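Engineer: Have a look at this one before I ask anything.
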Amino acid sequence: MIKRLSLALAAAIAAAAPAAAQQGAFWSGAARIKCTIEISSTCDGASCSPLQVAPILFVELAQRRICASRDGATCAFRYYAFARSDQAGRLLLVVQGTGTSYSIAQDGRMSGASVVAPLAHVFLGRCEAG
């Protein structure tokens with residue numbers, strides 16, 4: 001199940017890479033980005049079901065921390081540190097201690113996954129500077 005999820009995420013990233021490479025990254029020079037999770041699901045290997053999550057992520061690039069928000073105004077939980085990597089026109093974030101990672105394209109499309117065996121949580125959304 002995790003292998004299928006990884007392959008699907010890799011295929012989505014590969015399909016988006018050529019178009020994203022033609023434009024500059026929206027996060028260049030930004031201290032903070034805001035991501036809106038549009039779709040979230042929990043998958044168990046046989047099926048997926050909707051997952052209710054706080055729909056906004058505040059990503060503070062300079063401080064290397066991330067937090068979820070329910071209303072888009074304030075952090076609803078605690079901040080988590082993340083490791084950052086800019087590769088092939090994508091911003092990759094690995095949230096420390098959570099098993100969660102996000103891949104953000106230069107045009108703002110975001111995909112993410114959190115694996116807590118035997119379940120995987122998947123996220124799709126959009127990000128913007130500010």
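Starting from 1 in every chain, residues are counted up; chains themselves are A, B, ... following the order of the structure tokens, and ligands are numbered from 1 as listed.
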Considering only helix (DSSP H, G or I) as DSSP defines it on the backbone, what residues of chain A qualify? List them as number ranges by chain.

Structural biologist: A: 2-20

Engineer: For CA of Arg78 in chain A and CA of Glu38 in chain A, determine how far apart the two atoms are, in Å to one decimal place.

Structural biologist: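 Rounded to one decimal, the two atoms are 21.4 Å apart.
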
Engineer: Set the distance at 7 Å and use only C-alpha atoms: which residues neighbour Gln106 in chain A once local chain neighbours fewer than 4 positions away are removed? I'd like the list as a ChimeraX atom specification.

Structural biologist: /A:20,24-26,89-90

Engineer: With all heavy atoms retained, write the just-selected residues as a short mmCIF file (atom, residue, chain, number, x, y, z; two decimals), in the first residue's frame.

Structural biologist:
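Resulting contents of again_26.cif:
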data_model
loop_
_atom_site.label_atom_id
_atom_site.label_comp_id
_atom_site.auth_asym_id
_atom_site.auth_seq_id
_atom_site.Cartn_x
_atom_site.Cartn_y
_atom_site.Cartn_z
N ALA A 20 6.54 23.29 -14.49
CA ALA A 20 7.03 24.09 -13.38
C ALA A 20 8.42 24.63 -13.64
O ALA A 20 8.77 25.70 -13.17
CB ALA A 20 7.01 23.27 -12.10
N GLY A 24 9.55 30.79 -12.44
CA GLY A 24 10.26 30.90 -11.17
C GLY A 24 9.42 30.40 -10.02
O GLY A 24 8.19 30.40 -10.07
N ALA A 25 10.08 29.97 -8.97
CA ALA A 25 9.38 29.45 -7.79
C ALA A 25 8.68 30.60 -7.06
O ALA A 25 9.29 31.63 -6.79
CB ALA A 25 10.36 28.76 -6.87
N PHE A 26 7.41 30.41 -6.72
CA PHE A 26 6.65 31.46 -6.05
C PHE A 26 7.19 31.74 -4.64
O PHE A 26 6.99 32.81 -4.10
CB PHE A 26 5.16 31.11 -5.99
CG PHE A 26 4.83 30.06 -4.96
CD1 PHE A 26 4.48 30.42 -3.67
CD2 PHE A 26 4.87 28.72 -5.28
CE1 PHE A 26 4.19 29.45 -2.72
CE2 PHE A 26 4.58 27.75 -4.35
CZ PHE A 26 4.24 28.12 -3.07
N GLY A 89 12.90 21.99 -9.16
CA GLY A 89 11.78 22.91 -9.24
C GLY A 89 10.69 22.66 -8.22
O GLY A 89 9.58 23.14 -8.37
N ARG A 90 10.98 21.92 -7.17
CA ARG A 90 10.01 21.63 -6.12
C ARG A 90 10.60 21.96 -4.77
O ARG A 90 11.80 21.81 -4.55
CB ARG A 90 9.61 20.15 -6.15
CG ARG A 90 8.99 19.73 -7.47
CD ARG A 90 8.34 18.39 -7.38
NE ARG A 90 7.09 18.43 -6.66
CZ ARG A 90 5.93 18.86 -7.16
NH1 ARG A 90 5.87 19.30 -8.39
NH2 ARG A 90 4.85 18.85 -6.43
#

Engineer: Kindly indicate which residue among A:Ala31, A:Arg70, A:Cys127, A:Phe82 lies nearest to Gly108 in chain A, using only C-alpha atoms for the distances.

Structural biologist: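 Comparing A:Ala31, A:Arg70, A:Cys127, A:Phe82 against Gly108 in chain A, the winner is A:Cys127.
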
Engineer: Would you compute the distance between CA of Leu93 in chain A and CA of Ala46 in chain A? Give it in Å to one decimal.

Structural biologist: 27.5 Å

Engineer: Would you please work out which residue, of A:Gly45, A:Pro118, A:Pro55, A:Gly112, is nearest to Leu91 in chain A when using only C-alpha atoms?

Structural biologist: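 Distance minimum relative to Leu91 in chain A lands on A:Gly112.
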
Engineer: For each of A:Val94, A:Ile33, A:Ile39, A:Ala76, take the minimum atom-to-atom distance to Leu51 in chain A, counting only C-alpha atoms, then give the residue where this is smallest.

Structural biologist: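 Distance minimum relative to Leu51 in chain A lands on A:Ile39.
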
Engineer: Mind giving me the straight-line distance from CA of Arg65 in chain A to CA of Val122 in chain A in Å, one decimal?

Structural biologist: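 Atom-to-atom, CA of Arg65 in chain A to CA of Val122 in chain A, that is 20.0 Å.
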